[in-house]
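Down below is the structure, laid out as structure tokens.
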Amino acid sequence: LATRSVILDRLLSRAPKRMAQADSDVQAVFAYGTLRGDHSEKGDAWGVITSTGAAWIRASVPGFRLYQEDVATYPFALHTEKAEDVLQGTILIWSRKDARQAIDRCDSIEGFDPRRPDDGLYRRATVEVPVMMEELLKASKDKPWLEELLIGAEKTAEITSVKLRAFVYHQPMDGREKEVVYFPSGDWIRSRDKKPHV
């Protein structure tokens, strides 16, 4: 059996310095609300993880603030591009062969149409999600195809994490400031039962 460091050395030695992939090559979605892998004991609220064979890992993404409309049962992210605004959630990852169909399903759930990206309920941005290497390797025991994602991933901080490209769904504020609650922790699952900030 190859040791962890041998596997990492082998995979990362073939990795280019930068990920220069098109959006069509994205194999992951960063989820912060009802699509989160830790939404409940069964996973996400939609059954996407189970039905598509996704792997999920806890992660965070900077550049977004988390809100929820008073009347809604789900949150939305506002793209701020500020490093201090951080979303907490899970990254849902699919094999290359399953990614397109799974992401299409997520697009449908979120009301996003790539042919009309500014017309739906949510917009979609491409982000780089730092994922702890240890968590990725743990998940790869059940999903061996995860190792393919290490090829081409930019290594960071002495190989303790890799950055994976993912889509994240977000909405514009559009004058709703008085109709929303703000979650300063960026974590909807942990904060939804507490009184959020108005």
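The chains in the structure tokens are called A, B, ... from first to last as shown; in each chain the residues are counted from 1, and the ligands are counted from 1 in the order shown.
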Worksheet item: Running DSSP on the backbone, which parts of stretch 13-198 of chain A land in strand (DSSP E or B), as a PyMOL selection string?
Response: chain A and resi 28-31+40+43+55-62+64-69+76-79+86-93+123-132+154-156+161-170+180-183+197
Item to complete: Using only C-alpha atoms, determine which residues lie at most 12 Å from stretch 181-188 of chain A, disregarding the query and same-chain residues fewer than 4 positions distant; provide the list as a ChimeraX atom specification.
Response: /A:31-36,38-39,58-78,84-90,173,176-177,192-198
Write out, as a CSV table (one decimal), in the first residue's frame, the residues just selected, with N, CA and C atoms.
chain,number,residue,atom,x,y,z
A,31,ALA,N,-22.2,24.4,-1.2
A,31,ALA,CA,-23.6,24.5,-0.7
A,31,ALA,C,-23.5,25.1,0.7
A,32,TYR,N,-24.4,26.1,0.9
A,32,TYR,CA,-24.5,26.7,2.2
A,32,TYR,C,-25.8,26.7,2.9
A,33,GLY,N,-26.8,26.1,2.2
A,33,GLY,CA,-28.2,26.1,2.7
A,33,GLY,C,-28.8,24.7,2.6
A,34,THR,N,-29.9,24.5,1.9
A,34,THR,CA,-30.6,23.2,1.8
A,34,THR,C,-29.9,22.2,1.0
A,35,LEU,N,-28.9,22.5,0.2
A,35,LEU,CA,-28.1,21.5,-0.5
A,35,LEU,C,-26.9,21.0,0.3
A,36,ARG,N,-26.6,21.6,1.5
A,36,ARG,CA,-25.5,21.2,2.3
A,36,ARG,C,-25.5,19.7,2.6
A,38,ASP,N,-24.5,18.4,5.2
A,38,ASP,CA,-24.8,18.2,6.7
A,38,ASP,C,-26.1,18.9,7.0
A,39,HIS,N,-27.0,19.1,6.0
A,39,HIS,CA,-28.3,19.7,6.3
A,39,HIS,C,-29.1,18.9,7.3
A,58,ARG,N,-16.9,19.4,4.5
A,58,ARG,CA,-17.1,20.7,5.1
A,58,ARG,C,-16.0,21.7,4.6
A,59,ALA,N,-16.4,22.9,4.3
A,59,ALA,CA,-15.5,23.9,3.7
A,59,ALA,C,-16.0,25.3,3.9
A,60,SER,N,-15.3,26.3,3.5
A,60,SER,CA,-15.8,27.6,3.6
A,60,SER,C,-15.2,28.4,2.4
A,61,VAL,N,-15.9,29.5,2.0
A,61,VAL,CA,-15.6,30.3,0.9
A,61,VAL,C,-15.7,31.8,1.2
A,62,PRO,N,-14.6,32.5,1.0
A,62,PRO,CA,-14.7,34.0,1.3
A,62,PRO,C,-15.3,34.7,0.1
A,63,GLY,N,-15.8,35.9,0.4
A,63,GLY,CA,-16.3,36.8,-0.6
A,63,GLY,C,-17.8,36.8,-0.7
A,64,PHE,N,-18.5,36.2,0.3
A,64,PHE,CA,-20.0,36.2,0.3
A,64,PHE,C,-20.5,36.4,1.7
A,65,ARG,N,-21.6,37.2,1.8
A,65,ARG,CA,-22.4,37.3,3.1
A,65,ARG,C,-23.6,36.4,3.0
A,66,LEU,N,-24.1,36.0,4.1
A,66,LEU,CA,-25.2,35.1,4.2
A,66,LEU,C,-26.5,35.8,4.8
A,67,TYR,N,-27.6,35.6,4.0
A,67,TYR,CA,-28.8,36.3,4.4
A,67,TYR,C,-30.0,35.3,4.2
A,68,GLN,N,-31.1,35.7,4.8
A,68,GLN,CA,-32.4,34.9,4.6
A,68,GLN,C,-33.5,35.9,4.6
A,69,GLU,N,-34.4,35.8,3.6
A,69,GLU,CA,-35.6,36.6,3.6
A,69,GLU,C,-36.5,36.2,4.8
A,70,ASP,N,-37.2,37.1,5.4
A,70,ASP,CA,-38.1,36.8,6.5
A,70,ASP,C,-39.1,35.7,6.2
A,71,VAL,N,-39.6,35.7,5.0
A,71,VAL,CA,-40.6,34.7,4.7
A,71,VAL,C,-40.1,33.4,4.1
A,72,ALA,N,-38.8,33.3,3.9
A,72,ALA,CA,-38.2,32.2,3.2
A,72,ALA,C,-37.8,31.1,4.2
A,73,THR,N,-37.6,29.9,3.7
A,73,THR,CA,-37.2,28.8,4.5
A,73,THR,C,-35.8,28.3,4.1
A,74,TYR,N,-35.1,29.2,3.3
A,74,TYR,CA,-33.7,28.9,2.8
A,74,TYR,C,-33.0,30.2,2.8
A,75,PRO,N,-31.6,30.1,2.8
A,75,PRO,CA,-30.8,31.3,2.8
A,75,PRO,C,-30.4,31.7,1.4
A,76,PHE,N,-29.8,32.9,1.3
A,76,PHE,CA,-29.1,33.2,0.0
A,76,PHE,C,-27.8,33.9,0.3
A,77,ALA,N,-26.8,33.8,-0.6
A,77,ALA,CA,-25.5,34.4,-0.4
A,77,ALA,C,-25.5,35.7,-1.3
A,78,LEU,N,-24.9,36.7,-0.7
A,78,LEU,CA,-24.6,38.0,-1.5
A,78,LEU,C,-23.2,38.0,-1.8
A,84,GLU,N,-13.3,39.2,4.4
A,84,GLU,CA,-13.8,39.0,5.8
A,84,GLU,C,-15.3,38.4,5.8
A,85,ASP,N,-15.9,38.4,4.6
A,85,ASP,CA,-17.2,37.8,4.5
A,85,ASP,C,-17.0,36.3,4.0
A,86,VAL,N,-17.4,35.4,4.9
A,86,VAL,CA,-17.1,34.0,4.7
A,86,VAL,C,-18.3,33.1,4.8
A,87,LEU,N,-18.6,32.3,3.8
A,87,LEU,CA,-19.7,31.3,3.9
A,87,LEU,C,-19.2,30.0,4.4
A,88,GLN,N,-19.9,29.4,5.3
A,88,GLN,CA,-19.6,28.1,5.8
A,88,GLN,C,-20.6,27.1,5.2
A,89,GLY,N,-20.1,25.9,4.8
A,89,GLY,CA,-21.0,25.0,4.2
A,89,GLY,C,-20.2,23.7,3.9
A,90,THR,N,-20.7,23.1,2.8
A,90,THR,CA,-20.0,21.8,2.3
A,90,THR,C,-19.8,22.0,0.8
A,173,MET,N,-28.9,41.8,-3.8
A,173,MET,CA,-29.8,42.2,-2.7
A,173,MET,C,-31.0,42.9,-3.3
A,176,ARG,N,-33.7,44.7,-0.8
A,176,ARG,CA,-34.4,43.9,0.2
A,176,ARG,C,-33.8,44.0,1.6
A,177,GLU,N,-32.9,45.0,1.8
A,177,GLU,CA,-32.2,45.1,3.1
A,177,GLU,C,-33.1,45.0,4.3
A,192,ARG,N,-29.4,29.0,12.2
A,192,ARG,CA,-30.8,29.1,11.9
A,192,ARG,C,-31.7,28.9,13.1
A,193,ASP,N,-31.3,28.2,14.1
A,193,ASP,CA,-32.1,28.1,15.3
A,193,ASP,C,-31.8,29.2,16.3
A,194,LYS,N,-30.8,30.0,16.1
A,194,LYS,CA,-30.5,31.1,16.9
A,194,LYS,C,-31.2,32.4,16.3
A,195,LYS,N,-31.3,33.4,17.1
A,195,LYS,CA,-31.9,34.6,16.5
A,195,LYS,C,-30.8,35.4,15.7
A,196,PRO,N,-31.0,35.5,14.3
A,196,PRO,CA,-30.0,36.1,13.5
A,196,PRO,C,-30.1,37.7,13.6
A,197,HIS,N,-29.1,38.3,13.1
A,197,HIS,CA,-29.1,39.8,13.1
A,197,HIS,C,-30.0,40.4,12.0
A,198,VAL,N,-30.7,41.4,12.3
A,198,VAL,CA,-31.6,42.1,11.3
A,198,VAL,C,-30.8,43.2,10.6
Worksheet item: Got a sec to tell me which of stretch 50-198 of chain A DSSP assigns to helix (DSSP H, G or I), as number ranges by chain?
Response: A: 50-52, 96-109, 133-139, 144-150, 177-179, 188-191
Worksheet item: In Å, how far is it from atom CA of A:Ala166 to atom CA of A:Asp142?
Response: 20.8 Å
Worksheet entry | For A:Asp119, the nearest of the candidates A:Gln171, A:Pro144, A:Thr80, A:Ile91, counting only C-alpha atoms |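 Smallest separation from A:Asp119 among the options: A:Gln171.
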